[in-house]
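Here's the structure we're looking at; comments come further down.
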Amino acid sequence: MSELHTSKAPRSETTAQGWVDVCGVEDIIPNTGVCALVGKRQIAVVRVGEGEEIYAISNFDPFSKAFVLSRGIVGDKGGVPKIASPIYKQNFDLRSGQCLDDPNVLIPVYPTRVRGGRVEIQAAAEPPAAAS
């Protein structure tokens with residue numbers, strides 16, 4: 001697992017609504033992802049473009065059975081923001097977790113927000129089970 005380690009260490013603060021501070025926006029290179037360990041979950045945090053468009057999905061690739069999605073190729077497919085697995089190259093919609101190459105596969109997604117230049121993920125509750 002490739003965890004995010006920066007000089008601005010994640011504060012790991014969880015609010016009453018379950019928002020967890022994971023890193024600064026500027027800690028994520030545009031059009032790439034990083035992996036955040038939130039509780040016992042590996043979450044791929046993906047920055048699309050130069051701004052604050054941030055998505056959070058499970059880091060687990062159901063095709064290769066490896067925690068690698070944060071290292072995937074970020075782009076879009078027909079206007080849909082997506083990440084391609086670095087192993088077998090399946091594409092996942094960053095908004096919904098839907099595999100764009102296999103409609104029977106869905107991975108968990110997590111709400112994100114940016115506050116004061118910091119990325120927060122709402123990951124208090126267990127996500128719905130993904131089909132594989």
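Every chain in the structure tokens has a letter given in the order shown (A, B, ...), and although residue numbers restart at 1 in each chain, ligands are simply numbered from 1 in the order shown.
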Long-range neighbours of A:Val68 as a PDB file with N, CA, C and O atoms, in the first residue's frame, 8 Å cut-off, only C-alpha atoms, 4 positions minimum in chain:
ATOM      1  N   MET A   1       0.839  -1.165   0.000  1.00  0.00           N
ATOM      2  CA  MET A   1       0.000   0.000   0.000  1.00  0.00           C
ATOM      3  C   MET A   1       0.885   1.228   0.000  1.00  0.00           C
ATOM      4  O   MET A   1       1.863   1.306   0.708  1.00  0.00           O
ATOM      5  N   ASN A  59      -9.791   1.529  -2.537  1.00  0.00           N
ATOM      6  CA  ASN A  59      -8.509   1.305  -3.199  1.00  0.00           C
ATOM      7  C   ASN A  59      -8.380  -0.126  -3.736  1.00  0.00           C
ATOM      8  O   ASN A  59      -7.436  -0.462  -4.421  1.00  0.00           O
ATOM      9  N   PHE A  60      -9.366  -0.969  -3.425  1.00  0.00           N
ATOM     10  CA  PHE A  60      -9.314  -2.386  -3.804  1.00  0.00           C
ATOM     11  C   PHE A  60      -9.812  -2.601  -5.236  1.00  0.00           C
ATOM     12  O   PHE A  60     -10.934  -2.233  -5.572  1.00  0.00           O
ATOM     13  N   ASP A  61      -8.971  -3.175  -6.063  1.00  0.00           N
ATOM     14  CA  ASP A  61      -9.331  -3.527  -7.438  1.00  0.00           C
ATOM     15  C   ASP A  61      -9.905  -4.940  -7.429  1.00  0.00           C
ATOM     16  O   ASP A  61      -9.181  -5.899  -7.160  1.00  0.00           O
ATOM     17  N   GLY A  72      -3.791   4.280 -10.195  1.00  0.00           N
ATOM     18  CA  GLY A  72      -4.346   4.156 -11.534  1.00  0.00           C
ATOM     19  C   GLY A  72      -4.184   5.406 -12.382  1.00  0.00           C
ATOM     20  O   GLY A  72      -3.699   6.441 -11.933  1.00  0.00           O
ATOM     21  N   SER A  85      -7.550   0.924 -13.551  1.00  0.00           N
ATOM     22  CA  SER A  85      -6.693   0.111 -12.704  1.00  0.00           C
ATOM     23  C   SER A  85      -5.313  -0.023 -13.345  1.00  0.00           C
ATOM     24  O   SER A  85      -5.202  -0.247 -14.552  1.00  0.00           O
ATOM     25  N   PRO A  86      -4.247   0.102 -12.547  1.00  0.00           N
ATOM     26  CA  PRO A  86      -2.910  -0.049 -13.121  1.00  0.00           C
ATOM     27  C   PRO A  86      -2.564  -1.494 -13.481  1.00  0.00           C
ATOM     28  O   PRO A  86      -1.564  -1.729 -14.150  1.00  0.00           O
ATOM     29  N   ILE A  87      -3.389  -2.447 -13.059  1.00  0.00           N
ATOM     30  CA  ILE A  87      -3.089  -3.852 -13.336  1.00  0.00           C
ATOM     31  C   ILE A  87      -3.710  -4.306 -14.663  1.00  0.00           C
ATOM     32  O   ILE A  87      -3.007  -4.532 -15.635  1.00  0.00           O
TER      33      ILE A  87
END
Pull the closest atom pair for each residue of stretch 12-48 of chain A that gets at most 8 Å from stretch 112-121 of chain A, along with the distance in Å to one decimal, counting only C-alpha atoms, ordering rows by chain and then ascending residue number, as a tab-separated table.
residue	atom	partner	partner_atom	distance
A:Trp19	CA	A:Ile121	CA	5.3
A:Val20	CA	A:Glu120	CA	5.1
A:Asp21	CA	A:Glu120	CA	4.4
A:Val22	CA	A:Glu120	CA	5.8
A:Cys23	CA	A:Val119	CA	5.4
A:Gly24	CA	A:Arg118	CA	4.2
A:Val25	CA	A:Arg118	CA	5.6
A:Glu26	CA	A:Gly117	CA	7.7
List the neighbours of stretch 40-50 of chain A out to 9 Å using only C-alpha atoms; skip same-chain residues closer than 2 positions along the sequence, and give me the result as a compact mmCIF listing (two decimals) with N, CA and C atoms, in the first residue's frame.
# COMPACT_ATOMS: atom_id res chain seq x y z
N MET A 1 0.84 -1.16 0.00
CA MET A 1 0.00 0.00 0.00
C MET A 1 0.89 1.23 0.00
N GLU A 3 0.90 4.79 1.15
CA GLU A 3 0.19 5.75 1.99
C GLU A 3 0.75 7.14 1.74
N VAL A 22 -8.00 13.94 5.76
CA VAL A 22 -6.98 13.00 5.29
C VAL A 22 -5.71 13.65 4.77
N VAL A 25 -5.25 19.45 -0.15
CA VAL A 25 -5.47 19.32 -1.59
C VAL A 25 -4.15 19.36 -2.33
N ILE A 28 -1.89 16.32 -3.18
CA ILE A 28 -2.24 15.39 -4.25
C ILE A 28 -1.90 16.05 -5.59
N ILE A 29 -1.01 15.47 -6.33
CA ILE A 29 -0.65 15.99 -7.66
C ILE A 29 -1.88 15.91 -8.55
N PRO A 30 -2.17 16.98 -9.32
CA PRO A 30 -3.34 16.95 -10.20
C PRO A 30 -3.33 15.70 -11.11
N ASN A 31 -4.52 15.14 -11.28
CA ASN A 31 -4.75 13.95 -12.12
C ASN A 31 -4.02 12.71 -11.63
N THR A 32 -3.94 12.60 -10.30
CA THR A 32 -3.38 11.39 -9.69
C THR A 32 -4.20 11.06 -8.45
N GLY A 33 -3.84 9.96 -7.83
CA GLY A 33 -4.48 9.55 -6.60
C GLY A 33 -3.45 9.23 -5.53
N VAL A 34 -3.92 9.22 -4.30
CA VAL A 34 -3.11 8.79 -3.16
C VAL A 34 -3.97 7.83 -2.35
N CYS A 35 -3.35 7.05 -1.50
CA CYS A 35 -4.09 6.13 -0.66
C CYS A 35 -4.12 6.66 0.76
N ALA A 36 -5.32 6.66 1.34
CA ALA A 36 -5.47 7.07 2.74
C ALA A 36 -6.01 5.88 3.51
N LEU A 37 -5.45 5.64 4.67
CA LEU A 37 -5.94 4.59 5.55
C LEU A 37 -6.90 5.24 6.53
N VAL A 38 -8.18 4.93 6.39
CA VAL A 38 -9.23 5.51 7.23
C VAL A 38 -9.84 4.36 8.01
N GLU A 52 -10.09 21.71 -7.13
CA GLU A 52 -10.48 20.97 -5.93
C GLU A 52 -11.51 19.89 -6.23
N GLU A 53 -11.48 19.33 -7.44
CA GLU A 53 -12.38 18.23 -7.79
C GLU A 53 -11.76 16.94 -7.25
N ILE A 54 -12.31 16.46 -6.13
CA ILE A 54 -11.75 15.33 -5.39
C ILE A 54 -12.79 14.21 -5.30
N TYR A 55 -12.36 12.99 -5.51
CA TYR A 55 -13.22 11.81 -5.37
C TYR A 55 -12.53 10.82 -4.44
N ALA A 56 -13.33 9.98 -3.80
CA ALA A 56 -12.79 8.94 -2.92
C ALA A 56 -13.51 7.63 -3.23
N ILE A 57 -12.72 6.61 -3.53
CA ILE A 57 -13.26 5.28 -3.85
C ILE A 57 -12.44 4.25 -3.10
N SER A 58 -12.96 3.04 -3.04
CA SER A 58 -12.17 1.96 -2.45
C SER A 58 -10.87 1.81 -3.22
N ASN A 59 -9.79 1.53 -2.54
CA ASN A 59 -8.51 1.31 -3.20
C ASN A 59 -8.38 -0.13 -3.74
N PHE A 60 -9.37 -0.97 -3.42
CA PHE A 60 -9.31 -2.39 -3.80
C PHE A 60 -9.81 -2.60 -5.24
N PHE A 67 -4.83 -3.93 -3.70
CA PHE A 67 -5.14 -2.56 -3.29
C PHE A 67 -4.26 -1.61 -4.10
N VAL A 68 -4.72 -1.25 -5.30
CA VAL A 68 -3.88 -0.49 -6.24
C VAL A 68 -4.57 0.66 -6.96
N LEU A 69 -5.86 0.86 -6.76
CA LEU A 69 -6.56 1.85 -7.59
C LEU A 69 -6.01 3.26 -7.43
N SER A 70 -5.45 3.60 -6.27
CA SER A 70 -4.88 4.94 -6.09
C SER A 70 -3.71 5.20 -7.03
N ARG A 71 -3.15 4.14 -7.59
CA ARG A 71 -2.03 4.28 -8.53
C ARG A 71 -2.48 4.22 -9.99
N VAL A 74 -5.76 8.44 -14.25
CA VAL A 74 -6.93 9.31 -14.11
C VAL A 74 -7.23 9.96 -15.45
N GLY A 75 -8.50 10.02 -15.78
CA GLY A 75 -8.92 10.68 -17.02
C GLY A 75 -10.42 10.77 -17.08
N PRO A 81 -15.66 11.27 -15.24
CA PRO A 81 -14.35 11.17 -14.58
C PRO A 81 -14.11 9.73 -14.14
N ILE A 83 -11.00 6.38 -13.27
CA ILE A 83 -9.64 5.92 -13.00
C ILE A 83 -9.53 4.52 -13.56
N LEU A 94 -15.50 7.56 -11.15
CA LEU A 94 -15.12 8.09 -9.84
C LEU A 94 -16.32 8.59 -9.05
N VAL A 109 -17.81 4.01 -2.97
CA VAL A 109 -17.38 5.41 -3.09
C VAL A 109 -17.69 6.11 -1.78
N TYR A 110 -17.02 7.21 -1.52
CA TYR A 110 -17.18 7.94 -0.28
C TYR A 110 -17.35 9.42 -0.59
N THR A 112 -16.81 13.33 -0.42
CA THR A 112 -15.63 14.14 -0.12
C THR A 112 -16.03 15.60 -0.05
N VAL A 119 -8.61 18.03 2.46
CA VAL A 119 -9.55 17.04 1.93
C VAL A 119 -10.13 16.25 3.09
N ILE A 121 -13.04 13.12 4.01
CA ILE A 121 -13.83 12.00 3.50
C ILE A 121 -14.85 11.61 4.56
N ALA A 123 -16.50 8.75 5.96
CA ALA A 123 -16.33 7.29 5.91
C ALA A 123 -16.63 6.62 7.24
request  = Compare A:Pro111, A:Lys65, A:Asp102, A:Lys77 by their minimum atom-to-atom distance to A:Gln90, counting only C-alpha atoms, and give me the closest one.
outcome  = A:Asp102
request  = Determine the nearest neighbour of A:Asp93 from the options A:Ala66, A:Ile73, A:Val80, A:Val105, counting only C-alpha atoms.
outcome  =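 Under the stated criterion, the closest residue is A:Val80.
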request  = Pull the strand (DSSP E) assignments for stretch 4-126 of chain A out of DSSP run on the backbone, and list those residues as an MDAnalysis selection string.
outcome  = chainID A and resid 19:24 32:38 41:48 53:58 60:61 66:67 73:77 80:84 91:93 109:110 112:115 118:122
inquiry  = Can you tell me which residues surround A:Gln98 at a distance of at most 10 Å, considering only C-alpha atoms, apart from same-chain residues fewer than 5 positions away, and format the answer as a list in words?
reply    =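 With the cut-off at 10 Å, the set is Lys82, Asn91, Phe92, Asp93, Pro103, Asn104, Val105, Leu106, Ile107, Pro108, Val109, Ala130 and Ala131 of chain A.
Atom pair atom CA of A:Arg95 / atom CA of A:Asp27: separated by 21.1 Å.
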